[in-house]
Amino acid sequence: MPNLILSEEFREIAFLRFEENERFDSDKLNDCFDKIKKDPWKFVIADFGLSSEVSDETIKEIIEFSRVFSAKYFGKLCFVVRNEEALKKINFAYNDGFLKNFRNTHDAINYFYWDSCKEREVLRVKMPSNIGLVPSMRTCVNDFFALNGIEGKAAFQIEMIIDELCNNAIEHGTQDERKTVEVLCSINEEQVEINVYNGYSPRAAKKRSGHETGKNMEKWAELPNRTENDFRGRGLGLVKTFSDNFEINSSSDGTWVHVIKKR
Amino acid sequence: MFSMAKNSKRFSVVIPALEKYIPLVRKYIVDVLMAYEFSGDFLYQMEIMIDELCIKIAKEMKRRPSMVWLDIKFEVGKNGFSFDILEQREELVEFFSEQGEVLEEHGIDSPEIGLIERYSDGARLDFIKGKISKVKMTRVGKDD
């Protein structure tokens with residue numbers, strides 16, 4: 001009868017694994033359900049694998065359990081069924097509705113974490129502090145957001161933000177390739193987050209350039225250069241305009257710029 | 001194995017271990033190599049090798065993004081390029097092997113691994129139960 005796998009790695013998921021074409025055993029199945037309800041787990045994957053024979057009683061018990069599990073424990077249940085006949089049978093029992101089936105457990109796990117938990121996707125890139133590497137970073141970040149549905153005007157604005165922040169991190173930090181610039185991006189259904197960090201002490205930057213990085217950046221963000229023939233000093237103003245939240249954090253470890261853009 | 005000089009340039013990319021992100025990594029590494037004026041042949045071969053390796057790992061490690069990452073580190077030096085994919089956690093590989101989801105067509109003897117061994121100047125691939133857990137690869141020279 002089914003084997004209940006409660007893994008340390010997937011703390012919110014209970015794997016109910018059925019052996020191929022095994023016989024129905026109500027007591028053992030209900031024993032598994034009791035264990036699931038006891039803890040209680042948020043997500044159950046009923047894995048029938050390639051099994052072609054799924055008994056009517058088993059399906060009936062699972063349907064009954066999933067009703068209680070959803071109503072009382074706010075949990076979800078999905079299937080992993082690879083055999084077409086077995087899938088048809090389960091579909092029929094569910095009246096062709098409300099059934100989530102996946103071809104393998106990986107996809108079922110992904111479904112849980114992405115769709116149910118709304119987890120975000122993250123990209124982290126570190127590169128030497130070299131201005132010539134900014135275009136490749138910009139393309140990489142842009143590709144990442146494009147894969148997650150950001151396009152058109154928003155994509156252009158994000159490209160500008162990355163370009164400006166990376167150029168600033170290098171230009172006003174250091175152009176020593178032994179130092180690094182780090183870009184950390186994340187995206188979920190609601191917003192895009194961009195963090196750019198240069199890991200270069202503001203004190204060292206001040207010594208080199210003669211001005212204080214953090215304060216100066218805030219000034220340029222608030223009051224961009226308005227001199228007609230001067231082409232510099234507008235980058236941070238643009239970043240601020242394109243973002244919904246803009247924050248600069250300067251410490252002895254370096255300077256972080258944190259940008260949030262709503263989708 | 002050839003080792004990189006001390007003043008080599010270090011890069012790292014961390015992404016969820018999903019196939020959809022592999023072209024992005026491949027393109028990024030090639031863009032960086034182009035910026036350092038590596039030859040067209042070198043780039044082309046690197047592109048194939050990175051693609052094969054990363055897709056292979058992503059296929060084997062396909063699961064939730066917050067947990068399994070492709071942690072790729074690479075170095076560009078005067079005399080070549082080195083590439084590491086950091087070790088995946090053993091218990092995860094074991095868990096999925098127990099679940100009966102080993103992708104047999106992507107095992108140790110696959111043609112992709114042969115390709116990487118042939119074109120690199122040093123390659124070390126660690127496996128757990130037929131799945132890649134760690135990669136280290138080096139190529140010497142900007143021209144081939």
# chains A, B, ... in the order shown; residues from 1 in each chain; ligands from 1

$ residues_around --residues "Glu12 of chain A" --least-positions-apart "5" --cutoff "8 Å" --atoms "only C-alpha atoms" --output "mmCIF file with N, CA and C atoms, in the first residue's frame"
data_model
loop_
_atom_site.group_PDB
_atom_site.id
_atom_site.type_symbol
_atom_site.label_atom_id
_atom_site.label_comp_id
_atom_site.auth_asym_id
_atom_site.auth_seq_id
_atom_site.Cartn_x
_atom_site.Cartn_y
_atom_site.Cartn_z
ATOM 1 N N TRP A 41 0.529 18.997 6.831
ATOM 2 C CA TRP A 41 1.330 19.364 5.667
ATOM 3 C C TRP A 41 0.502 20.242 4.729
ATOM 4 N N LYS A 42 1.172 21.079 3.977
ATOM 5 C CA LYS A 42 0.435 22.013 3.136
ATOM 6 C C LYS A 42 0.089 21.437 1.770
ATOM 7 N N PHE A 43 0.889 20.488 1.344
ATOM 8 C CA PHE A 43 0.753 20.017 -0.033
ATOM 9 C C PHE A 43 1.006 18.510 -0.079
#

$ interface_residues --of "chain A" --to "chain B" --cutoff "6 Å" --atoms "only C-alpha atoms" --output "ChimeraX atom specification"
/A:106,110,123-127,136,140

$ residues_around --residues "Phe18 of chain A" --least-positions-apart "3" --cutoff "10 Å" --atoms "only C-alpha atoms" --output "list in words"
Met1, Pro2, Asn3, Leu4, Phe15, Asn21, Glu22, Arg23, Leu29, Ala46, Asp47, Phe48, Gly49, Leu50, Ser51 and Val54 of chain A

$ write_last_selection --atoms "all heavy atoms" --output "CSV table (one decimal), in the first residue's frame"
chain,number,residue,atom,x,y,z
A,1,MET,N,0.8,-1.2,0.0
A,1,MET,CA,0.0,0.0,0.0
A,1,MET,C,0.9,1.3,0.0
A,1,MET,O,2.1,1.1,0.0
A,1,MET,CB,-0.9,-0.1,1.2
A,1,MET,CG,-2.4,-0.1,0.9
A,1,MET,SD,-2.8,0.3,-0.8
A,1,MET,CE,-3.8,1.7,-0.9
A,2,PRO,N,0.3,2.4,0.0
A,2,PRO,CA,1.1,3.6,-0.3
A,2,PRO,C,2.2,3.9,0.8
A,2,PRO,O,2.1,3.5,1.9
A,2,PRO,CB,0.1,4.8,-0.2
A,2,PRO,CG,-1.0,4.3,0.5
A,2,PRO,CD,-1.1,2.8,0.2
A,3,ASN,N,3.2,4.5,0.3
A,3,ASN,CA,4.4,4.7,1.1
A,3,ASN,C,4.4,6.2,1.3
A,3,ASN,O,4.5,7.0,0.4
A,3,ASN,CB,5.6,4.3,0.3
A,3,ASN,CG,6.9,4.3,1.1
A,3,ASN,OD1,6.8,4.5,2.3
A,3,ASN,ND2,8.0,4.1,0.4
A,4,LEU,N,4.3,6.7,2.6
A,4,LEU,CA,4.3,8.1,2.9
A,4,LEU,C,5.7,8.6,3.1
A,4,LEU,O,6.4,8.1,4.0
A,4,LEU,CB,3.4,8.4,4.1
A,4,LEU,CG,3.3,9.9,4.4
A,4,LEU,CD1,2.5,10.6,3.4
A,4,LEU,CD2,2.6,10.0,5.8
A,15,PHE,N,4.8,13.3,0.3
A,15,PHE,CA,4.7,12.5,-0.9
A,15,PHE,C,4.1,11.1,-0.6
A,15,PHE,O,4.5,10.4,0.3
A,15,PHE,CB,6.2,12.2,-1.3
A,15,PHE,CG,7.0,13.4,-1.7
A,15,PHE,CD1,7.6,14.1,-0.8
A,15,PHE,CD2,7.0,13.8,-3.1
A,15,PHE,CE1,8.4,15.3,-1.1
A,15,PHE,CE2,7.7,15.0,-3.4
A,15,PHE,CZ,8.4,15.7,-2.4
A,21,ASN,N,0.6,-0.9,-9.6
A,21,ASN,CA,-0.5,-1.8,-9.6
A,21,ASN,C,-0.8,-2.5,-8.3
A,21,ASN,O,-1.0,-3.7,-8.2
A,21,ASN,CB,-0.4,-2.9,-10.7
A,21,ASN,CG,-0.2,-2.3,-12.1
A,21,ASN,OD1,-0.7,-1.1,-12.3
A,21,ASN,ND2,0.5,-2.9,-13.0
A,22,GLU,N,-0.6,-1.8,-7.2
A,22,GLU,CA,-0.8,-2.4,-5.9
A,22,GLU,C,-2.3,-2.5,-5.5
A,22,GLU,O,-3.1,-1.8,-6.0
A,22,GLU,CB,0.0,-1.7,-4.8
A,22,GLU,CG,-0.5,-0.3,-4.6
A,22,GLU,CD,0.4,0.4,-3.6
A,22,GLU,OE1,1.6,0.1,-3.5
A,22,GLU,OE2,-0.2,1.3,-2.9
A,23,ARG,N,-2.6,-3.4,-4.5
A,23,ARG,CA,-4.0,-3.6,-4.1
A,23,ARG,C,-4.4,-2.5,-3.1
A,23,ARG,O,-3.6,-2.0,-2.4
A,23,ARG,CB,-4.1,-5.0,-3.6
A,23,ARG,CG,-4.2,-6.0,-4.7
A,23,ARG,CD,-3.9,-7.4,-4.2
A,23,ARG,NE,-4.9,-7.8,-3.1
A,23,ARG,CZ,-4.7,-8.9,-2.3
A,23,ARG,NH1,-3.5,-9.6,-2.5
A,23,ARG,NH2,-5.5,-9.2,-1.4
A,29,LEU,N,-4.1,3.3,3.9
A,29,LEU,CA,-4.2,4.6,3.2
A,29,LEU,C,-4.7,5.6,4.2
A,29,LEU,O,-4.2,6.7,4.3
A,29,LEU,CB,-5.2,4.4,2.1
A,29,LEU,CG,-5.4,5.6,1.1
A,29,LEU,CD1,-4.1,6.1,0.5
A,29,LEU,CD2,-6.4,5.3,0.0
A,46,ALA,N,0.2,12.9,-4.7
A,46,ALA,CA,-0.1,11.5,-4.8
A,46,ALA,C,0.5,10.9,-6.0
A,46,ALA,O,0.1,11.2,-7.1
A,46,ALA,CB,-1.7,11.3,-4.8
A,47,ASP,N,1.6,10.2,-5.9
A,47,ASP,CA,2.4,9.7,-7.0
A,47,ASP,C,2.1,8.3,-7.4
A,47,ASP,O,2.5,7.4,-6.7
A,47,ASP,CB,3.9,9.9,-6.6
A,47,ASP,CG,4.8,9.6,-7.7
A,47,ASP,OD1,4.4,9.3,-8.8
A,47,ASP,OD2,6.1,9.7,-7.5
A,48,PHE,N,1.4,8.1,-8.5
A,48,PHE,CA,1.1,6.8,-9.0
A,48,PHE,C,2.1,6.3,-10.1
A,48,PHE,O,2.1,5.2,-10.6
A,48,PHE,CB,-0.3,6.7,-9.6
A,48,PHE,CG,-1.4,6.8,-8.6
A,48,PHE,CD1,-1.9,8.0,-8.2
A,48,PHE,CD2,-1.9,5.7,-8.0
A,48,PHE,CE1,-2.9,8.1,-7.2
A,48,PHE,CE2,-2.9,5.7,-7.0
A,48,PHE,CZ,-3.4,7.0,-6.7
A,49,GLY,N,3.0,7.2,-10.4
A,49,GLY,CA,4.1,6.9,-11.4
A,49,GLY,C,3.5,6.3,-12.7
A,49,GLY,O,2.6,6.9,-13.3
A,50,LEU,N,4.0,5.2,-13.1
A,50,LEU,CA,3.6,4.5,-14.4
A,50,LEU,C,2.5,3.5,-14.2
A,50,LEU,O,2.0,2.9,-15.1
A,50,LEU,CB,4.8,3.8,-15.0
A,50,LEU,CG,5.8,4.7,-15.6
A,50,LEU,CD1,7.1,4.0,-15.9
A,50,LEU,CD2,5.3,5.3,-16.9
A,51,SER,N,2.0,3.4,-13.0
A,51,SER,CA,1.0,2.4,-12.6
A,51,SER,C,-0.3,2.6,-13.5
A,51,SER,O,-0.8,3.7,-13.7
A,51,SER,CB,0.6,2.6,-11.2
A,51,SER,OG,-0.1,1.5,-10.8
A,54,VAL,N,-5.3,1.7,-11.1
A,54,VAL,CA,-5.6,2.5,-9.9
A,54,VAL,C,-7.0,2.1,-9.5
A,54,VAL,O,-8.0,2.3,-10.3
A,54,VAL,CB,-5.5,4.0,-10.2
A,54,VAL,CG1,-5.8,4.8,-8.9
A,54,VAL,CG2,-4.2,4.3,-10.7

$ atom_distance --atom1 "atom CA of Ala155 of chain A" --atom2 "atom CA of Glu19 of chain B"
21.9 Å

$ select_by_dssp --residues "segment 19-166 of chain A" --states "helix (DSSP H, G or I)" --output "NGL selection string"
:A and (26-38 or 56-73 or 84-93 or 105-116 or 131-147 or 152-166)
